[in-house]
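Novice: Contents are compact mmCIF, C-alpha atoms; file name my_file05.txt:
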```
# COMPACT_ATOMS: atom_id res chain seq x y z
CA MET A 133 116.65 102.00 97.94
CA ALA A 134 119.42 103.48 95.79
CA VAL A 135 119.98 107.23 95.76
CA GLN A 136 120.54 108.76 92.34
CA ALA A 137 123.62 110.82 91.60
CA GLN A 138 123.51 114.37 92.91
CA ARG A 139 122.31 116.94 90.40
CA SER A 140 123.49 120.48 90.10
CA GLU A 141 121.91 122.81 92.63
CA GLU A 142 120.06 124.70 89.90
CA GLU A 143 118.42 121.63 88.39
CA VAL A 144 114.81 120.95 89.39
CA ALA A 145 112.86 118.12 87.81
CA GLN A 146 109.66 118.93 85.95
CA PRO A 147 106.54 117.53 87.63
CA ARG A 148 104.53 115.00 85.63
CA GLU A 149 101.08 116.25 84.63
CA LEU A 150 98.70 113.34 84.07
CA SER A 151 95.52 113.27 81.99
CA ALA A 152 92.36 111.76 83.48
CA ALA A 153 93.12 108.40 81.86
CA GLU A 154 96.73 108.52 83.02
CA SER A 155 95.57 109.37 86.53
CA ARG A 156 93.31 106.33 86.63
CA ALA A 157 96.18 104.15 85.43
CA ALA A 158 98.44 105.73 88.05
CA PHE A 159 95.95 104.87 90.79
CA ASP A 160 96.01 101.23 89.71
CA ARG A 161 99.83 101.25 89.66
CA ILE A 162 99.97 102.86 93.11
CA ALA A 163 97.62 100.25 94.61
CA ARG A 164 99.62 97.40 93.04
CA ARG A 165 103.00 98.80 94.15
CA ASN A 166 101.99 99.58 97.72
CA LEU A 167 99.44 96.88 98.50
CA GLY A 168 99.81 94.23 95.80
CA MET A 169 96.22 94.65 94.61
CA SER A 170 94.56 96.37 91.69
CA GLY A 171 93.04 99.80 92.03
CA GLU A 172 89.63 98.26 91.50
CA GLU A 173 90.21 95.76 94.31
CA PHE A 174 91.38 98.57 96.58
CA LEU A 175 88.21 100.56 95.89
CA ARG A 176 86.01 97.55 96.63
CA LYS A 177 87.80 96.87 99.94
CA TRP A 178 87.84 100.55 100.88
CA HIS A 179 84.12 101.00 100.34
CA ALA A 180 83.41 97.71 102.18
CA LYS A 181 85.56 99.01 105.08
CA GLU A 182 87.74 95.90 104.88
CA PHE A 183 90.80 97.88 105.97
CA GLY A 184 89.36 98.15 109.48
CA ASP A 185 88.00 100.98 111.58
CA ASP A 186 91.22 102.97 111.54
CA PRO A 187 93.08 102.74 108.22
CA ASP A 188 95.19 105.59 109.58
CA SER A 189 97.28 102.94 111.33
CA GLN A 190 98.23 101.30 108.00
CA PRO A 191 100.73 103.48 106.13
CA ARG A 192 100.49 101.60 102.84
CA VAL A 193 96.70 101.82 102.83
CA MET A 194 96.89 105.54 103.52
CA ARG A 195 99.30 106.08 100.61
CA VAL A 196 96.61 104.79 98.28
CA ALA A 197 93.61 106.26 100.10
CA MET A 198 95.12 109.73 99.88
CA LEU A 199 94.83 109.51 96.10
CA LEU A 200 91.24 108.29 95.82
CA ASP A 201 90.31 111.46 94.00
CA LEU A 202 92.25 110.21 91.00
CA VAL A 203 89.44 107.77 90.26
CA ARG A 204 86.43 109.88 91.18
CA MET B 43 86.82 110.90 101.16
CA THR B 44 84.42 113.75 100.58
CA PRO B 45 85.19 117.40 99.94
CA ILE B 46 85.62 119.46 103.07
CA ALA B 47 82.25 120.81 104.11
CA ASN B 48 83.49 123.97 105.76
CA HIS B 49 85.72 125.05 102.93
CA ALA B 50 85.22 128.51 101.52
CA SER B 51 82.06 128.93 99.50
CA CYS B 52 81.79 126.44 96.68
CA ALA B 53 80.25 129.08 94.44
CA TRP B 54 83.23 129.16 92.12
CA ARG B 55 83.67 125.41 92.19
CA CYS B 56 80.02 124.65 91.53
CA SER B 57 79.82 127.13 88.73
CA TRP B 58 80.91 126.12 85.27
CA THR B 59 80.87 129.65 83.89
CA LEU B 60 84.43 130.73 84.68
CA SER B 61 85.96 132.97 82.08
CA ALA B 62 88.89 131.76 80.02
CA LYS B 63 91.00 134.30 81.90
CA ASP B 64 90.01 132.78 85.26
CA LYS B 65 90.64 129.25 84.01
CA ALA B 66 94.09 130.25 82.83
CA ALA B 67 94.77 131.96 86.17
CA GLN B 68 93.66 128.83 88.03
CA TYR B 69 96.01 126.72 85.97
CA ARG B 70 98.90 129.10 86.64
CA ALA B 71 98.13 128.90 90.37
CA VAL B 72 98.24 125.10 90.21
CA ARG B 73 101.55 125.13 88.35
CA ARG B 74 103.01 127.64 90.79
CA PHE B 75 102.00 125.44 93.72
CA VAL B 76 103.27 122.19 92.19
CA ASP B 77 106.48 123.74 90.87
CA ASP B 78 107.24 125.23 94.29
CA ARG B 79 106.67 121.86 95.98
CA GLN B 80 108.94 120.27 93.39
CA ALA B 81 111.63 122.87 94.05
CA ALA B 82 111.40 122.23 97.79
CA LEU B 83 111.70 118.48 97.27
CA SER B 84 114.68 118.95 95.01
CA CYS B 85 116.63 119.71 98.19
CA VAL B 86 116.40 116.04 99.16
CA THR B 87 115.45 114.01 96.09
CA PRO B 88 115.70 114.18 92.30
CA GLU B 89 112.35 112.32 92.02
CA ARG B 90 109.45 114.02 90.30
CA LEU B 91 106.05 114.95 91.62
CA SER B 92 103.01 113.74 89.74
CA PHE B 93 99.74 115.60 89.60
CA ALA B 94 96.42 115.15 87.90
CA GLN B 95 95.79 117.62 85.10
CA TYR B 96 93.77 120.45 86.62
CA HIS B 97 90.08 120.62 85.80
CA GLN B 98 87.38 122.61 87.52
CA SER B 99 85.80 120.31 90.08
CA ASP B 100 84.49 120.24 93.62
CA ARG B 101 86.79 117.29 94.31
CA LEU B 102 90.21 117.65 95.82
CA HIS B 103 93.15 117.55 93.45
CA SER B 104 96.16 115.39 94.18
CA VAL B 105 99.92 115.79 94.03
CA TRP B 106 102.23 112.95 94.99
CA LEU B 107 105.89 112.12 94.94
CA ALA B 108 107.17 109.42 92.56
CA ASP B 109 105.12 107.65 89.94
CA ASP B 110 103.95 104.94 92.33
CA ALA B 111 103.63 107.07 95.51
CA ALA B 112 106.05 104.72 97.28
CA PRO B 113 108.85 106.23 99.41
CA VAL B 114 111.89 107.54 97.54
CA PRO B 115 115.40 107.14 98.97
CA LEU B 116 117.14 110.01 100.73
CA ARG B 117 120.87 110.46 101.17
CA GLY B 118 122.30 109.93 104.63
CA ALA B 119 123.63 107.42 107.11
CA PHE B 120 120.20 106.13 108.05
CA ARG B 121 119.18 105.55 104.43
CA LEU B 122 115.71 106.94 105.08
CA GLY B 123 112.97 107.27 102.49
CA LEU B 124 110.22 109.83 101.98
CA ALA B 125 106.69 109.55 100.62
CA VAL B 126 104.56 112.64 100.01
CA ALA B 127 100.93 113.08 99.02
CA LEU B 128 98.91 116.30 99.11
CA GLY B 129 95.37 117.29 98.27
CA TYR B 130 94.40 120.84 97.39
CA HIS B 131 91.59 123.14 96.33
CA VAL B 132 91.90 126.18 94.11
CA VAL B 133 90.43 129.18 95.89
CA ARG B 134 89.86 132.82 95.08
CA ASP B 135 92.34 135.20 96.65
CA ALA B 136 92.17 138.85 95.66
CA GLY B 137 95.55 139.36 97.30
CA VAL B 138 97.55 137.38 94.73
CA ALA B 139 98.36 137.98 91.10
CA GLY B 140 95.71 136.35 88.93
CA GLY B 141 93.19 136.22 91.77
CA TRP B 142 93.54 132.48 92.49
CA THR B 143 95.63 130.48 94.87
CA LEU B 144 95.82 126.96 96.23
CA SER B 145 94.75 125.82 99.64
CA THR B 146 96.21 122.57 100.95
CA ALA B 147 93.34 120.41 102.21
CA ARG B 148 95.17 117.26 103.29
CA TYR B 149 98.66 115.81 103.40
CA ILE B 150 100.74 112.82 104.36
CA TYR B 151 104.52 113.08 104.76
CA GLU B 152 105.89 109.64 105.54
CA ILE B 153 109.47 108.83 106.57
CA VAL B 154 110.52 105.19 106.18
CA ASP B 155 113.62 103.22 107.13
CA ALA B 156 116.07 101.57 104.73
CA GLN B 157 113.76 98.56 104.44
CA GLY B 158 110.84 100.77 103.45
CA ASP B 159 108.98 100.36 106.75
CA SER B 160 107.29 103.45 108.08
CA LEU B 161 109.03 105.18 111.01
CA PHE B 162 106.93 108.27 111.45
CA GLU B 163 104.27 110.11 109.50
CA PHE B 164 102.89 113.62 109.56
CA HIS B 165 99.21 113.43 108.71
CA TRP B 166 96.39 115.84 108.09
CA HIS B 167 93.29 114.40 106.46
CA PRO B 168 90.25 116.18 107.86
CA ASP B 169 87.96 114.71 105.22
CA GLY B 170 88.98 111.08 105.61
CA SER B 171 87.65 108.12 107.54
CA SER B 172 90.00 108.56 110.51
CA ARG B 173 88.52 109.73 113.79
CA VAL B 174 91.33 112.30 114.03
CA GLY B 175 90.85 115.21 111.64
CA THR B 176 93.49 117.58 113.04
CA PRO B 177 97.17 117.47 112.02
CA HIS B 178 98.97 114.68 113.85
CA LEU B 179 102.13 112.60 114.00
CA HIS B 180 102.33 108.81 114.01
CA ILE B 181 105.43 107.18 115.46
CA ARG B 182 105.53 103.57 114.29
CA PRO B 183 107.01 100.69 116.28
CA THR B 184 109.65 100.23 113.56
CA LEU B 185 111.61 103.03 115.27
CA LYS B 186 114.05 101.05 117.44
CA VAL B 187 117.27 101.69 119.33
CA GLY B 188 120.19 101.00 117.01
CA GLU B 189 123.94 100.63 117.39
CA GLY B 190 126.78 103.17 117.57
CA SER B 191 126.58 106.15 115.29
CA LEU B 192 123.70 104.60 113.35
CA ASP B 193 121.24 104.99 116.17
CA LEU B 194 118.23 106.53 114.47
CA TYR B 195 116.14 106.27 117.62
CA ARG B 196 118.59 108.51 119.50
CA ALA B 197 118.79 110.94 116.60
CA VAL B 198 115.00 111.23 116.43
CA THR B 199 114.46 111.49 120.18
CA LYS B 200 117.02 114.32 120.33
CA SER B 201 115.43 116.21 117.46
CA HIS B 202 112.80 118.95 117.40
CA ILE B 203 109.94 117.40 115.46
CA PRO B 204 107.86 120.14 113.78
CA THR B 205 104.14 120.33 114.49
CA GLY B 206 101.33 122.75 113.82
CA HIS B 207 100.15 125.16 116.50
CA LEU B 208 98.61 122.98 119.21
CA SER B 209 96.04 124.01 121.75
CA LEU B 210 96.16 122.67 125.29
CA GLU B 211 92.86 120.96 124.54
CA GLN B 212 94.40 119.03 121.65
CA VAL B 213 97.17 117.80 123.91
CA ILE B 214 94.67 116.70 126.57
CA ARG B 215 92.57 114.93 123.92
CA PHE B 216 95.73 113.10 122.87
CA LEU B 217 96.42 112.02 126.45
CA LEU B 218 92.94 110.77 127.22
CA PRO B 219 91.89 108.33 124.52
CA GLU B 220 95.18 107.81 122.73
CA VAL B 221 97.53 106.94 125.60
CA GLU B 222 94.81 105.87 128.01
CA VAL B 223 95.16 108.54 130.69
CA GLU B 224 92.02 108.30 132.80
CA PRO B 225 89.81 111.41 132.76
CA LEU B 226 88.77 112.98 136.08
CA ARG B 227 85.55 114.32 134.56
CA LYS B 228 82.92 112.34 132.67
CA ASN B 229 82.10 115.35 130.50
CA TRP B 230 85.70 115.95 129.44
CA GLU B 231 84.86 116.08 125.75
CA ALA B 232 82.26 118.80 126.28
CA VAL B 233 84.58 120.78 128.58
CA LEU B 234 87.42 120.67 126.07
CA GLN B 235 85.15 121.59 123.19
CA ALA B 236 83.82 124.61 125.11
CA THR B 237 87.18 125.91 126.31
CA GLU B 238 88.74 125.43 122.89
CA ALA B 239 85.87 127.28 121.20
CA ARG B 240 86.28 130.21 123.62
CA HIS B 241 90.01 130.24 123.02
CA ARG B 242 89.48 130.39 119.25
CA GLU B 243 87.00 133.23 119.68
CA TRP B 244 89.33 135.35 121.83
CA ARG B 245 92.70 134.81 120.31
CA ALA B 246 94.23 137.39 118.05
CA PRO B 247 94.11 136.62 114.33
CA SER B 248 97.30 134.92 113.19
```
What is this structure when it is put down as structure tokens?

Specialist:
Amino acid sequence: MAVQAQRSEEEVAQPRELSAAESRAAFDRIARRNLGMSGEEFLRKWHAKEFGDDPDSQPRVMRVAMLLDLVR
Amino acid sequence: MTPIANHASCAWRCSWTLSAKDKAAQYRAVRRFVDDRQAALSCVTPERLSFAQYHQSDRLHSVWLADDAAPVPLRGAFRLGLAVALGYHVVRDAGVAGGWTLSTARYIYEIVDAQGDSLFEFHWHPDGSSRVGTPHLHIRPTLKVGEGSLDLYRAVTKSHIPTGHLSLEQVIRFLLPEVEVEPLRKNWEAVLQATEARHREWRAPS
């Protein structure tokens, strides 16, 4: 992980505001980046409880699960 | 994950008759919340937060760090990384300008090592599938004793890790099932539930 050059103390990045379609695309990207599967595949596995009884113990699964509302 | 059942009345969320003024005030509240989180994060990372465009809904709304929600690098000898995801509701609050504010309804703050493996995580996800709905901390086995000045394990074990306000009952619940302390009473769950409920009833408002 490379750290970007330090910005001035006053400079704060603007948050990205995503439309509904962009949010759905982001969910797919997030699932692929963190778990190597599509968003659709994640949803199928999540609803089938294929991540086990306690997904809380799997940080990468939780990163995606926390954002399920993007595709609801 | 389903919306939190005991959240403040859903009357405003279930109604689709908000005035344009209220909708604008809700949007300003969202921006204030996200912009403040972004400003706080700017102390450790130049990365941007992402958030779904606000729309009136009974679902939670999400904010997360970095486009792909993966940990972003932090400066420092241990080359740690940080991942952040939050869920929120917009709620009425007569005490703030505009009459609306945001209520955080879940979060994950994850700290990873230089390889991207999770070291420890602050979680609160009361509406999720986990059996633990109160705020908690996971310490992952990745956290190992290192060498010389780059001993993250020593740095962490010397530090004061922040937590929420814990009741004695929460600590005892942690000891019993989580680290396999053996209970002396069969009805320990009922006892803890009762004493905790009485404590909540009696304590001064915070």

Novice: Define the interface residues of chain B facing chain A as those within 6 Å, counting all atoms listed in the file, and report them as a PyMOL selection string.

Specialist: chain B and resi 81+84+90-95+110+115+172

Novice: Any idea what's packed within 10 Å of Val198 (chain B), counting only C-alpha atoms, ignoring anything in its chain fewer than 5 positions away? Could you give it as a PyMOL selection string?

Specialist: chain B and resi 162+185+193+203

Novice: Let me make sure I understand: among B:His103, B:Trp142, B:Asp135, B:Leu83, which one has the smallest atom-to-atom distance to Arg70 (chain B) if we use only C-alpha atoms?

Specialist: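 Between B:His103, B:Trp142, B:Asp135, B:Leu83, the residue approaching Arg70 (chain B) most closely is B:Trp142.
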
Novice: Tell me, in Å to one decimal, how far CA of Pro219 (chain B) is from CA of His178 (chain B).

Specialist: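 Separation of CA of Pro219 (chain B) and CA of His178 (chain B): 14.3 Å.
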
Novice: Please identify all polymer residues lying at most 12 Å from the point (94.3, 121.0, 124.1) (file coordinates), using all atoms listed in the file, and present the result as JSON, numbers by chain.

Specialist: {"B": [176, 207, 208, 209, 210, 211, 212, 213, 214, 215, 216, 217, 218, 230, 231, 233, 234, 235, 236, 237, 238, 239, 241, 242]}

Novice: Suppose you want the space between CA of Lys186 (chain B) and CA of Thr87 (chain B); what is it in Å?

Specialist: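 So the answer is 25.0 Å.
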
Novice: Could you pull the residues within 8 Å of Pro177 (chain B), counting all atoms listed in the file, minus those fewer than 4 positions along the same chain, as a list in words?

Specialist: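 Counting only the stated atoms, we get Phe164, His165, Trp166, His167, Thr205 and Gly206 of chain B.
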
Novice: Would you work out the distance separating CA of Gly137 (chain B) from CA of Tyr149 (chain B), expressed in Å to one decimal?

Specialist: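 Distance between the two atoms: 24.5 Å.
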
Novice: So that I can see what lies close to Val154 (chain B), please list as a list of chain:residue names the residues with an atom at most 6 Å from it, counting only C-alpha atoms and leaving out residues fewer than 6 positions away in the same chain.

Specialist: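 Neighbouring residues, sequence-local ones excluded: B:Leu122, B:Gly123, B:Ser160, B:Leu161.
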
Novice: In terms of the shortest atom-to-atom distance over only C-alpha atoms, which of B:Ala147, B:Ala62, B:Leu192, B:Leu179 is closest to Val133 (chain B)?

Specialist: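 Of B:Ala147, B:Ala62, B:Leu192, B:Leu179, the one nearest Val133 (chain B) is B:Ala147, counting only C-alpha atoms.
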